[in-house]
>>> print(open('my_file_35.pdb').read())   # PDB, C-alpha atoms and all ligand atoms
ATOM      1  CA  MET C  14     -82.410   7.832 178.439  1.00  0.00           C
ATOM      2  CA  THR C  15     -79.695   8.944 180.846  1.00  0.00           C
ATOM      3  CA  VAL C  16     -80.632   9.883 184.362  1.00  0.00           C
ATOM      4  CA  GLY C  17     -78.275  11.875 186.553  1.00  0.00           C
ATOM      5  CA  VAL C  18     -78.022  11.555 190.309  1.00  0.00           C
ATOM      6  CA  LEU C  19     -76.551  14.569 192.063  1.00  0.00           C
ATOM      7  CA  ALA C  20     -73.590  12.971 193.842  1.00  0.00           C
ATOM      8  CA  LEU C  21     -72.149  15.790 195.916  1.00  0.00           C
ATOM      9  CA  GLN C  22     -73.262  14.313 199.217  1.00  0.00           C
ATOM     10  CA  GLY C  23     -75.924  12.058 200.712  1.00  0.00           C
ATOM     11  CA  ASP C  24     -77.470   8.734 199.660  1.00  0.00           C
ATOM     12  CA  PHE C  25     -76.905   9.036 195.915  1.00  0.00           C
ATOM     13  CA  ARG C  26     -75.721   5.402 195.615  1.00  0.00           C
ATOM     14  CA  GLU C  27     -79.095   4.091 196.802  1.00  0.00           C
ATOM     15  CA  HIS C  28     -80.892   6.180 194.180  1.00  0.00           C
ATOM     16  CA  ALA C  29     -78.480   5.061 191.459  1.00  0.00           C
ATOM     17  CA  ASN C  30     -79.161   1.418 192.399  1.00  0.00           C
ATOM     18  CA  VAL C  31     -82.955   1.818 192.211  1.00  0.00           C
ATOM     19  CA  LEU C  32     -82.723   3.635 188.864  1.00  0.00           C
ATOM     20  CA  ARG C  33     -80.413   0.955 187.422  1.00  0.00           C
ATOM     21  CA  THR C  34     -82.793  -1.767 188.647  1.00  0.00           C
ATOM     22  CA  LEU C  35     -85.513   0.001 186.670  1.00  0.00           C
ATOM     23  CA  GLY C  36     -83.357  -0.034 183.530  1.00  0.00           C
ATOM     24  CA  ALA C  37     -82.091   3.547 183.420  1.00  0.00           C
ATOM     25  CA  ASP C  38     -78.559   4.544 182.429  1.00  0.00           C
ATOM     26  CA  VAL C  39     -77.234   6.433 185.432  1.00  0.00           C
ATOM     27  CA  THR C  40     -74.631   9.194 185.549  1.00  0.00           C
ATOM     28  CA  LEU C  41     -73.335  10.519 188.853  1.00  0.00           C
ATOM     29  CA  VAL C  42     -73.310  14.310 188.578  1.00  0.00           C
ATOM     30  CA  ARG C  43     -70.548  16.273 190.313  1.00  0.00           C
ATOM     31  CA  ARG C  44     -69.462  18.750 187.651  1.00  0.00           C
ATOM     32  CA  PRO C  45     -71.344  21.184 185.399  1.00  0.00           C
ATOM     33  CA  GLU C  46     -70.225  19.319 182.231  1.00  0.00           C
ATOM     34  CA  GLU C  47     -72.037  16.226 183.473  1.00  0.00           C
ATOM     35  CA  LEU C  48     -75.359  18.064 183.423  1.00  0.00           C
ATOM     36  CA  ALA C  49     -75.404  18.489 179.665  1.00  0.00           C
ATOM     37  CA  ALA C  50     -75.980  14.817 178.861  1.00  0.00           C
ATOM     38  CA  ILE C  51     -78.782  13.984 181.287  1.00  0.00           C
ATOM     39  CA  ASP C  52     -82.510  13.661 180.579  1.00  0.00           C
ATOM     40  CA  GLY C  53     -83.546  13.756 184.227  1.00  0.00           C
ATOM     41  CA  LEU C  54     -82.008  14.243 187.663  1.00  0.00           C
ATOM     42  CA  VAL C  55     -82.470  12.845 191.142  1.00  0.00           C
ATOM     43  CA  ILE C  56     -81.372  14.948 194.105  1.00  0.00           C
ATOM     44  CA  PRO C  57     -80.807  12.565 197.024  1.00  0.00           C
ATOM     45  CA  GLY C  58     -81.343  12.797 200.744  1.00  0.00           C
ATOM     46  CA  GLY C  59     -78.483  14.032 202.853  1.00  0.00           C
ATOM     47  CA  GLU C  60     -77.880  17.443 204.318  1.00  0.00           C
ATOM     48  CA  SER C  61     -79.293  20.277 202.256  1.00  0.00           C
ATOM     49  CA  SER C  62     -77.047  23.000 203.680  1.00  0.00           C
ATOM     50  CA  VAL C  63     -73.934  20.987 202.756  1.00  0.00           C
ATOM     51  CA  MET C  64     -75.333  20.075 199.349  1.00  0.00           C
ATOM     52  CA  ASP C  65     -76.075  23.747 198.716  1.00  0.00           C
ATOM     53  CA  LYS C  66     -72.526  24.791 199.651  1.00  0.00           C
ATOM     54  CA  LEU C  67     -70.950  22.108 197.484  1.00  0.00           C
ATOM     55  CA  ALA C  68     -73.252  22.887 194.532  1.00  0.00           C
ATOM     56  CA  ARG C  69     -72.165  26.510 194.651  1.00  0.00           C
ATOM     57  CA  THR C  70     -68.484  25.670 195.214  1.00  0.00           C
ATOM     58  CA  PHE C  71     -68.428  23.319 192.206  1.00  0.00           C
ATOM     59  CA  GLY C  72     -70.258  25.801 189.978  1.00  0.00           C
ATOM     60  CA  LEU C  73     -73.285  23.531 189.684  1.00  0.00           C
ATOM     61  CA  ALA C  74     -75.977  25.680 191.265  1.00  0.00           C
ATOM     62  CA  GLU C  75     -76.580  28.095 188.376  1.00  0.00           C
ATOM     63  CA  PRO C  76     -76.438  25.464 185.594  1.00  0.00           C
ATOM     64  CA  LEU C  77     -78.809  23.327 187.667  1.00  0.00           C
ATOM     65  CA  ARG C  78     -81.247  26.229 188.043  1.00  0.00           C
ATOM     66  CA  ALA C  79     -81.105  26.783 184.292  1.00  0.00           C
ATOM     67  CA  ARG C  80     -81.881  23.120 183.542  1.00  0.00           C
ATOM     68  CA  ILE C  81     -84.756  23.126 186.053  1.00  0.00           C
ATOM     69  CA  ARG C  82     -86.197  26.271 184.452  1.00  0.00           C
ATOM     70  CA  GLY C  83     -85.813  24.561 181.077  1.00  0.00           C
ATOM     71  CA  GLY C  84     -88.123  21.731 182.152  1.00  0.00           C
ATOM     72  CA  LEU C  85     -85.675  19.000 183.194  1.00  0.00           C
ATOM     73  CA  PRO C  86     -87.542  16.313 185.173  1.00  0.00           C
ATOM     74  CA  VAL C  87     -86.126  16.332 188.712  1.00  0.00           C
ATOM     75  CA  TYR C  88     -87.020  14.179 191.695  1.00  0.00           C
ATOM     76  CA  GLY C  89     -85.816  15.309 195.134  1.00  0.00           C
ATOM     77  CA  THR C  90     -86.017  13.189 198.289  1.00  0.00           C
ATOM     78  CA  CYS C  91     -85.764  14.814 201.714  1.00  0.00           C
ATOM     79  CA  ALA C  92     -82.733  17.139 201.408  1.00  0.00           C
ATOM     80  CA  GLY C  93     -83.418  16.962 197.645  1.00  0.00           C
ATOM     81  CA  LEU C  94     -86.940  18.280 198.226  1.00  0.00           C
ATOM     82  CA  ILE C  95     -85.441  21.128 200.259  1.00  0.00           C
ATOM     83  CA  MET C  96     -83.106  21.914 197.342  1.00  0.00           C
ATOM     84  CA  LEU C  97     -86.088  22.084 194.965  1.00  0.00           C
ATOM     85  CA  ALA C  98     -88.285  24.246 197.178  1.00  0.00           C
ATOM     86  CA  ASP C  99     -88.717  27.909 196.278  1.00  0.00           C
ATOM     87  CA  SER C 100     -88.691  28.790 199.964  1.00  0.00           C
ATOM     88  CA  VAL C 101     -87.017  27.104 202.960  1.00  0.00           C
ATOM     89  CA  LEU C 102     -87.826  27.725 206.630  1.00  0.00           C
ATOM     90  CA  ASP C 103     -85.304  26.914 209.371  1.00  0.00           C
ATOM     91  CA  ALA C 104     -82.468  26.995 206.855  1.00  0.00           C
ATOM     92  CA  ILE C 105     -78.990  27.732 208.224  1.00  0.00           C
ATOM     93  CA  ALA C 106     -77.681  31.271 207.723  1.00  0.00           C
ATOM     94  CA  GLY C 107     -76.923  31.892 204.064  1.00  0.00           C
ATOM     95  CA  GLN C 108     -78.418  28.606 202.862  1.00  0.00           C
ATOM     96  CA  GLU C 109     -79.919  28.764 199.378  1.00  0.00           C
ATOM     97  CA  SER C 110     -82.109  26.355 197.485  1.00  0.00           C
ATOM     98  CA  LEU C 111     -82.197  25.780 193.745  1.00  0.00           C
ATOM     99  CA  GLY C 112     -85.937  26.347 193.631  1.00  0.00           C
ATOM    100  CA  GLY C 113     -88.467  25.409 190.992  1.00  0.00           C
ATOM    101  CA  LEU C 114     -91.151  23.896 193.206  1.00  0.00           C
ATOM    102  CA  ASP C 115     -93.733  26.441 194.294  1.00  0.00           C
ATOM    103  CA  VAL C 116     -93.735  25.303 197.927  1.00  0.00           C
ATOM    104  CA  VAL C 117     -92.511  26.396 201.337  1.00  0.00           C
ATOM    105  CA  VAL C 118     -90.726  23.614 203.231  1.00  0.00           C
ATOM    106  CA  ARG C 119     -89.552  23.522 206.816  1.00  0.00           C
ATOM    107  CA  ARG C 120     -86.318  21.653 207.524  1.00  0.00           C
ATOM    108  CA  ASN C 121     -86.162  19.119 210.351  1.00  0.00           C
ATOM    109  CA  ALA C 122     -89.880  19.640 210.853  1.00  0.00           C
ATOM    110  CA  PHE C 123     -90.525  16.578 212.958  1.00  0.00           C
ATOM    111  CA  GLY C 124     -88.409  17.699 215.907  1.00  0.00           C
ATOM    112  CA  SER C 125     -85.722  15.997 217.911  1.00  0.00           C
ATOM    113  CA  GLN C 126     -87.962  13.437 219.670  1.00  0.00           C
ATOM    114  CA  THR C 127     -89.303  11.916 216.499  1.00  0.00           C
ATOM    115  CA  GLN C 128     -86.640  12.755 213.971  1.00  0.00           C
ATOM    116  CA  SER C 129     -87.122   9.393 212.309  1.00  0.00           C
ATOM    117  CA  PHE C 130     -90.329   7.435 211.883  1.00  0.00           C
ATOM    118  CA  GLU C 131     -92.117   5.203 209.420  1.00  0.00           C
ATOM    119  CA  THR C 132     -95.693   5.241 208.206  1.00  0.00           C
ATOM    120  CA  ASP C 133     -97.875   4.100 205.330  1.00  0.00           C
ATOM    121  CA  LEU C 134     -99.237   6.688 202.918  1.00  0.00           C
ATOM    122  CA  ASP C 135    -102.149   6.438 200.514  1.00  0.00           C
ATOM    123  CA  ILE C 136    -101.036   7.861 197.180  1.00  0.00           C
ATOM    124  CA  PRO C 137    -103.735   7.206 194.553  1.00  0.00           C
ATOM    125  CA  GLU C 138    -101.402   8.226 191.676  1.00  0.00           C
ATOM    126  CA  LEU C 139     -99.177   5.253 192.569  1.00  0.00           C
ATOM    127  CA  GLY C 140    -101.926   2.663 192.904  1.00  0.00           C
ATOM    128  CA  ASP C 141    -104.006   1.039 195.638  1.00  0.00           C
ATOM    129  CA  VAL C 142    -101.155  -0.355 197.727  1.00  0.00           C
ATOM    130  CA  PRO C 143    -100.021   2.222 200.324  1.00  0.00           C
ATOM    131  CA  VAL C 144     -96.465   3.546 200.122  1.00  0.00           C
ATOM    132  CA  HIS C 145     -94.294   2.644 203.106  1.00  0.00           C
ATOM    133  CA  ALA C 146     -92.497   5.883 203.916  1.00  0.00           C
ATOM    134  CA  VAL C 147     -89.372   6.313 206.053  1.00  0.00           C
ATOM    135  CA  PHE C 148     -88.720   9.797 207.422  1.00  0.00           C
ATOM    136  CA  ILE C 149     -85.178  10.673 208.549  1.00  0.00           C
ATOM    137  CA  ARG C 150     -84.978  14.222 209.911  1.00  0.00           C
ATOM    138  CA  GLY C 151     -87.251  15.073 207.025  1.00  0.00           C
ATOM    139  CA  PRO C 152     -88.789  18.372 205.998  1.00  0.00           C
ATOM    140  CA  VAL C 153     -92.515  19.056 205.824  1.00  0.00           C
ATOM    141  CA  VAL C 154     -94.221  21.047 203.094  1.00  0.00           C
ATOM    142  CA  GLU C 155     -95.749  23.918 205.024  1.00  0.00           C
ATOM    143  CA  SER C 156     -97.568  25.430 202.107  1.00  0.00           C
ATOM    144  CA  VAL C 157     -98.243  24.394 198.542  1.00  0.00           C
ATOM    145  CA  GLY C 158     -98.369  27.274 196.056  1.00  0.00           C
ATOM    146  CA  ARG C 159    -100.842  27.467 193.221  1.00  0.00           C
ATOM    147  CA  ASN C 160     -98.430  25.947 190.691  1.00  0.00           C
ATOM    148  CA  ALA C 161     -97.751  22.804 192.747  1.00  0.00           C
ATOM    149  CA  ARG C 162     -99.999  20.099 194.137  1.00  0.00           C
ATOM    150  CA  ALA C 163     -99.837  17.757 197.101  1.00  0.00           C
ATOM    151  CA  LEU C 164     -99.407  14.061 196.300  1.00  0.00           C
ATOM    152  CA  ALA C 165     -99.343  12.693 199.846  1.00  0.00           C
ATOM    153  CA  THR C 166    -100.298  13.846 203.303  1.00  0.00           C
ATOM    154  CA  LEU C 167     -99.816  12.406 206.774  1.00  0.00           C
ATOM    155  CA  ALA C 168    -102.881  11.493 208.856  1.00  0.00           C
ATOM    156  CA  ASP C 169    -102.706  14.959 210.455  1.00  0.00           C
ATOM    157  CA  GLY C 170    -102.895  16.629 207.042  1.00  0.00           C
ATOM    158  CA  ARG C 171     -99.265  17.692 206.729  1.00  0.00           C
ATOM    159  CA  VAL C 172     -98.032  17.469 203.141  1.00  0.00           C
ATOM    160  CA  VAL C 173     -95.050  15.164 202.508  1.00  0.00           C
ATOM    161  CA  ALA C 174     -95.015  14.692 198.721  1.00  0.00           C
ATOM    162  CA  VAL C 175     -95.560  17.251 195.982  1.00  0.00           C
ATOM    163  CA  GLU C 176     -95.532  17.533 192.222  1.00  0.00           C
ATOM    164  CA  GLN C 177     -95.298  20.414 189.790  1.00  0.00           C
ATOM    165  CA  GLY C 178     -95.038  19.507 186.130  1.00  0.00           C
ATOM    166  CA  ASN C 179     -91.723  17.690 185.754  1.00  0.00           C
ATOM    167  CA  LEU C 180     -90.699  18.259 189.367  1.00  0.00           C
ATOM    168  CA  LEU C 181     -91.378  15.760 192.125  1.00  0.00           C
ATOM    169  CA  GLY C 182     -90.429  15.915 195.789  1.00  0.00           C
ATOM    170  CA  THR C 183     -90.885  13.671 198.824  1.00  0.00           C
ATOM    171  CA  SER C 184     -90.050  14.317 202.478  1.00  0.00           C
ATOM    172  CA  PHE C 185     -89.269  10.609 202.831  1.00  0.00           C
ATOM    173  CA  HIS C 186     -86.878   8.084 201.282  1.00  0.00           C
ATOM    174  CA  PRO C 187     -88.306   5.511 198.828  1.00  0.00           C
ATOM    175  CA  GLU C 188     -84.722   4.690 197.783  1.00  0.00           C
ATOM    176  CA  ILE C 189     -84.048   2.800 201.017  1.00  0.00           C
ATOM    177  CA  THR C 190     -87.239   0.751 201.391  1.00  0.00           C
ATOM    178  CA  GLY C 191     -87.417  -1.233 198.158  1.00  0.00           C
ATOM    179  CA  GLU C 192     -90.274   1.052 197.066  1.00  0.00           C
ATOM    180  CA  HIS C 193     -89.802   1.728 193.355  1.00  0.00           C
ATOM    181  CA  ARG C 194     -93.043   3.428 192.371  1.00  0.00           C
ATOM    182  CA  PHE C 195     -91.831   6.989 192.900  1.00  0.00           C
ATOM    183  CA  HIS C 196     -88.764   6.325 190.755  1.00  0.00           C
ATOM    184  CA  GLU C 197     -90.989   4.686 188.115  1.00  0.00           C
ATOM    185  CA  TYR C 198     -93.327   7.669 188.195  1.00  0.00           C
ATOM    186  CA  PHE C 199     -90.322   9.984 187.790  1.00  0.00           C
ATOM    187  CA  LEU C 200     -88.883   7.878 184.942  1.00  0.00           C
ATOM    188  CA  GLY C 201     -92.293   8.180 183.242  1.00  0.00           C
ATOM    189  CA  LYS C 202     -91.797  11.945 183.193  1.00  0.00           C
ATOM    190  CA  VAL C 203     -88.250  11.543 181.840  1.00  0.00           C
ATOM    191  CA  ARG C 204     -89.471   9.163 179.121  1.00  0.00           C
ATOM    192  CA  ALA C 205     -92.383  11.426 178.131  1.00  0.00           C
ATOM    193  CA  ARG C 206     -90.073  14.411 177.790  1.00  0.00           C
ATOM    194  CA  THR C 207     -87.427  12.466 175.842  1.00  0.00           C
ATOM    195  CA  LEU C 208     -90.073  11.173 173.402  1.00  0.00           C
ATOM    196  CA  ALA C 209     -91.510  14.670 172.957  1.00  0.00           C
ATOM    197  CA  ALA C 210     -88.072  16.148 172.142  1.00  0.00           C
TER     198      ALA C 210
HETATM  199  N1  LIG U   1     -82.581  12.664 205.334  1.00  0.00           N
HETATM  200  C1  LIG U   1     -82.427  13.907 204.923  1.00  0.00           C
HETATM  201  O1  LIG U   1     -82.229  14.190 203.743  1.00  0.00           O
HETATM  202  C2  LIG U   1     -82.419  14.940 206.007  1.00  0.00           C
HETATM  203  C3  LIG U   1     -82.485  16.359 205.502  1.00  0.00           C
HETATM  204  C4  LIG U   1     -81.723  17.292 206.420  1.00  0.00           C
HETATM  205  N2  LIG U   1     -82.332  17.384 207.700  1.00  0.00           N
HETATM  206  C5  LIG U   1     -81.589  18.649 205.734  1.00  0.00           C
HETATM  207  O2  LIG U   1     -81.988  19.626 206.240  1.00  0.00           O
HETATM  208  O3  LIG U   1     -81.100  18.728 204.662  1.00  0.00           O
END
>>> encode(input="my_file_35.pdb", output="structure tokens", more="lines below")
Ligand SMILES: NC(=O)CC[C@H](N)C(=O)O
Amino acid sequence: MTVGVLALQGDFREHANVLRTLGADVTLVRRPEELAAIDGLVIPGGESSVMDKLARTFGLAEPLRARIRGGLPVYGTCAGLIMLADSVLDAIAGQESLGGLDVVVRRNAFGSQTQSFETDLDIPELGDVPVHAVFIRGPVVESVGRNARALATLADGRVVAVEQGNLLGTSFHPEITGEHRFHEYFLGKVRARTLAA
């Protein structure tokens, strides 16, 4: 089971470390050829507009879209969630996402005063212990389409984690808090798909 981490920009090293801790073989993905061998992909946090530009420059965007359409399990955190969203509000001019997740996200949704904050989230799918979530200029999921479902909401009801089949996205960053349950949940999808193949 080989898991790719999109390594164009952002905190890909942190994701690679968590995945290795959980026993996965990790490949850093920067070129289209590196996509062929992976059974799953993590898209890290960072800056989605830069990641988008680099993905297109390196010829990765279209092959990535094709793999996502083909059912590749993908987990996006923060900028990674923005990359997976079908629709992005407050994008910079010309910014594109890869799409796949039937959601509308808004970039930098928490405003300049509270760009970063931490909170605990109840996520029944991941067990009884709340998930400690760190938000760093994160997006919010403004609407969840009929193909996707919310996994976590803030106390005010705003959606910050979503799932759609093999796709998973969080507005926050489990890779920097020692929280491994999202990565385990994602690896479960990778494993299930590898066994089914
Ligand atoms: N920590 C993050 O990934 C921030 C996301 C960033 N604000 C963006 O729009 O891509």
>>> residues_near_ligand(input="my_file_35.pdb", ligand="ligand LIG 1 (chain U)", cutoff="12 Å", atoms="all atoms listed in the file", output="ChimeraX atom specification")
/C:22-25,56-66,89-98,101-105,108-110,118-125,128-130,147-153,182-189
>>> resolve_selection(input="my_file_35.pdb", expression="the PyMOL selection byres (((chain C and resi 178) around 9) and not hetatm)", output="list of chain:residue names")
C:Gly84, C:Pro86, C:Asn160, C:Ala161, C:Glu176, C:Gln177, C:Asn179, C:Leu180, C:Leu181, C:Lys202
>>> atom_distance(input="my_file_35.pdb", atom1="atom CA of Ser156 of chain C", atom2="atom CA of Arg78 of chain C")
21.6 Å
>>> closest_residue(input="my_file_35.pdb", among="C:Val87, C:Val154, C:Ile81, C:Ile136", to="Val117 of chain C", atoms="only C-alpha atoms")
C:Val154
>>> residues_around(input="my_file_35.pdb", residues="Leu48 of chain C", least_positions_apart="3", cutoff="12 Å", atoms="only C-alpha atoms", output="list of chain:residue names")
C:Thr15, C:Val16, C:Gly17, C:Val18, C:Leu19, C:Ala20, C:Val39, C:Thr40, C:Leu41, C:Val42, C:Arg43, C:Arg44, C:Pro45, C:Ile51, C:Asp52, C:Gly53, C:Leu54, C:Val55, C:Gly72, C:Leu73, C:Ala74, C:Glu75, C:Pro76, C:Leu77, C:Arg78, C:Ala79, C:Arg80, C:Ile81, C:Leu85
>>> atom_distance(input="my_file_35.pdb", atom1="atom CA of Ala50 of chain C", atom2="atom CA of Leu114 of chain C")
22.8 Å
>>> closest_residue(input="my_file_35.pdb", among="C:Ala49, C:Met14, C:Ala174, C:Ala168", to="Arg33 of chain C", atoms="only C-alpha atoms")
C:Met14
>>> closest_residue(input="my_file_35.pdb", among="C:Leu111, C:Val116, C:Ala165, C:Val31", to="Pro137 of chain C", atoms="all atoms listed in the file")
C:Ala165
>>> atom_distance(input="my_file_35.pdb", atom1="atom CA of Leu200 of chain C", atom2="atom CA of Gly36 of chain C")
9.8 Å
>>> decode(input="my_file_35.pdb", residues="segment 79-163 of chain C", atoms="C-alpha atoms", output="PDB file, in the first residue's frame")
ATOM      1  CA  ALA C  79      -8.505  11.656 -13.673  1.00  0.00           C
ATOM      2  CA  ARG C  80      -7.327   9.642 -10.649  1.00  0.00           C
ATOM      3  CA  ILE C  81      -9.900  11.348  -8.403  1.00  0.00           C
ATOM      4  CA  ARG C  82     -12.666  10.548 -10.901  1.00  0.00           C
ATOM      5  CA  GLY C  83     -11.373   6.971 -10.976  1.00  0.00           C
ATOM      6  CA  GLY C  84     -11.997   6.578  -7.240  1.00  0.00           C
ATOM      7  CA  LEU C  85      -8.548   7.208  -5.742  1.00  0.00           C
ATOM      8  CA  PRO C  86      -8.888   7.791  -1.978  1.00  0.00           C
ATOM      9  CA  VAL C  87      -7.784  11.373  -1.288  1.00  0.00           C
ATOM     10  CA  TYR C  88      -7.579  13.262   1.987  1.00  0.00           C
ATOM     11  CA  GLY C  89      -7.209  17.056   1.838  1.00  0.00           C
ATOM     12  CA  THR C  90      -6.427  19.263   4.839  1.00  0.00           C
ATOM     13  CA  CYS C  91      -7.126  22.994   4.713  1.00  0.00           C
ATOM     14  CA  ALA C  92      -5.650  24.094   1.352  1.00  0.00           C
ATOM     15  CA  GLY C  93      -6.036  20.413   0.375  1.00  0.00           C
ATOM     16  CA  LEU C  94      -9.762  20.608   1.120  1.00  0.00           C
ATOM     17  CA  ILE C  95      -9.948  23.706  -1.085  1.00  0.00           C
ATOM     18  CA  MET C  96      -8.225  21.758  -3.881  1.00  0.00           C
ATOM     19  CA  LEU C  97     -10.818  18.972  -3.576  1.00  0.00           C
ATOM     20  CA  ALA C  98     -13.869  21.227  -3.490  1.00  0.00           C
ATOM     21  CA  ASP C  99     -16.041  21.454  -6.597  1.00  0.00           C
ATOM     22  CA  SER C 100     -16.575  25.145  -5.920  1.00  0.00           C
ATOM     23  CA  VAL C 101     -14.379  27.744  -4.175  1.00  0.00           C
ATOM     24  CA  LEU C 102     -15.506  31.158  -2.918  1.00  0.00           C
ATOM     25  CA  ASP C 103     -13.004  33.980  -2.360  1.00  0.00           C
ATOM     26  CA  ALA C 104     -10.509  32.289  -4.659  1.00  0.00           C
ATOM     27  CA  ILE C 105      -7.906  34.534  -6.303  1.00  0.00           C
ATOM     28  CA  ALA C 106      -8.522  35.466  -9.942  1.00  0.00           C
ATOM     29  CA  GLY C 107      -8.058  32.442 -12.175  1.00  0.00           C
ATOM     30  CA  GLN C 108      -7.676  29.975  -9.304  1.00  0.00           C
ATOM     31  CA  GLU C 109      -8.945  26.481 -10.078  1.00  0.00           C
ATOM     32  CA  SER C 110      -9.581  23.502  -7.863  1.00  0.00           C
ATOM     33  CA  LEU C 111      -9.251  19.845  -8.780  1.00  0.00           C
ATOM     34  CA  GLY C 112     -12.770  19.114  -7.594  1.00  0.00           C
ATOM     35  CA  GLY C 113     -14.410  15.834  -6.697  1.00  0.00           C
ATOM     36  CA  LEU C 114     -16.051  16.828  -3.424  1.00  0.00           C
ATOM     37  CA  ASP C 115     -19.591  18.079  -3.902  1.00  0.00           C
ATOM     38  CA  VAL C 116     -19.140  21.079  -1.602  1.00  0.00           C
ATOM     39  CA  VAL C 117     -18.734  24.840  -1.742  1.00  0.00           C
ATOM     40  CA  VAL C 118     -15.860  26.099   0.419  1.00  0.00           C
ATOM     41  CA  ARG C 119     -14.912  29.637   1.326  1.00  0.00           C
ATOM     42  CA  ARG C 120     -11.201  30.399   1.646  1.00  0.00           C
ATOM     43  CA  ASN C 121      -9.892  32.248   4.696  1.00  0.00           C
ATOM     44  CA  ALA C 122     -13.389  32.077   6.143  1.00  0.00           C
ATOM     45  CA  PHE C 123     -12.488  32.921   9.706  1.00  0.00           C
ATOM     46  CA  GLY C 124     -11.307  36.455   8.966  1.00  0.00           C
ATOM     47  CA  SER C 125      -8.194  38.350   9.890  1.00  0.00           C
ATOM     48  CA  GLN C 126      -8.914  38.689  13.636  1.00  0.00           C
ATOM     49  CA  THR C 127      -9.217  34.991  14.265  1.00  0.00           C
ATOM     50  CA  GLN C 128      -7.248  33.490  11.426  1.00  0.00           C
ATOM     51  CA  SER C 129      -5.936  30.792  13.728  1.00  0.00           C
ATOM     52  CA  PHE C 130      -7.725  29.092  16.594  1.00  0.00           C
ATOM     53  CA  GLU C 131      -8.083  25.728  18.268  1.00  0.00           C
ATOM     54  CA  THR C 132     -11.161  23.849  19.389  1.00  0.00           C
ATOM     55  CA  ASP C 133     -12.390  20.362  20.202  1.00  0.00           C
ATOM     56  CA  LEU C 134     -14.784  18.654  17.810  1.00  0.00           C
ATOM     57  CA  ASP C 135     -17.106  15.725  18.412  1.00  0.00           C
ATOM     58  CA  ILE C 136     -16.745  13.331  15.494  1.00  0.00           C
ATOM     59  CA  PRO C 137     -18.672  10.115  16.243  1.00  0.00           C
ATOM     60  CA  GLU C 138     -17.069   8.278  13.275  1.00  0.00           C
ATOM     61  CA  LEU C 139     -13.687   8.647  15.011  1.00  0.00           C
ATOM     62  CA  GLY C 140     -14.789   7.550  18.470  1.00  0.00           C
ATOM     63  CA  ASP C 141     -15.867   9.120  21.758  1.00  0.00           C
ATOM     64  CA  VAL C 142     -12.769  11.226  22.392  1.00  0.00           C
ATOM     65  CA  PRO C 143     -13.153  14.681  20.785  1.00  0.00           C
ATOM     66  CA  VAL C 144     -10.727  15.675  18.036  1.00  0.00           C
ATOM     67  CA  HIS C 145      -8.491  18.617  18.919  1.00  0.00           C
ATOM     68  CA  ALA C 146      -8.576  20.772  15.799  1.00  0.00           C
ATOM     69  CA  VAL C 147      -6.151  23.555  14.854  1.00  0.00           C
ATOM     70  CA  PHE C 148      -7.367  26.057  12.267  1.00  0.00           C
ATOM     71  CA  ILE C 149      -4.772  28.136  10.389  1.00  0.00           C
ATOM     72  CA  ARG C 150      -6.411  30.555   7.950  1.00  0.00           C
ATOM     73  CA  GLY C 151      -8.713  27.666   7.191  1.00  0.00           C
ATOM     74  CA  PRO C 152     -11.657  27.424   4.830  1.00  0.00           C
ATOM     75  CA  VAL C 153     -15.221  26.677   5.893  1.00  0.00           C
ATOM     76  CA  VAL C 154     -17.604  24.413   4.017  1.00  0.00           C
ATOM     77  CA  GLU C 155     -20.420  26.772   3.121  1.00  0.00           C
ATOM     78  CA  SER C 156     -22.657  24.160   1.611  1.00  0.00           C
ATOM     79  CA  VAL C 157     -22.612  20.393   1.399  1.00  0.00           C
ATOM     80  CA  GLY C 158     -24.078  18.973  -1.815  1.00  0.00           C
ATOM     81  CA  ARG C 159     -26.227  15.882  -1.932  1.00  0.00           C
ATOM     82  CA  ASN C 160     -23.299  13.582  -2.753  1.00  0.00           C
ATOM     83  CA  ALA C 161     -21.209  14.641   0.260  1.00  0.00           C
ATOM     84  CA  ARG C 162     -21.852  14.591   3.986  1.00  0.00           C
ATOM     85  CA  ALA C 163     -20.638  16.629   6.931  1.00  0.00           C
TER      86      ALA C 163
END
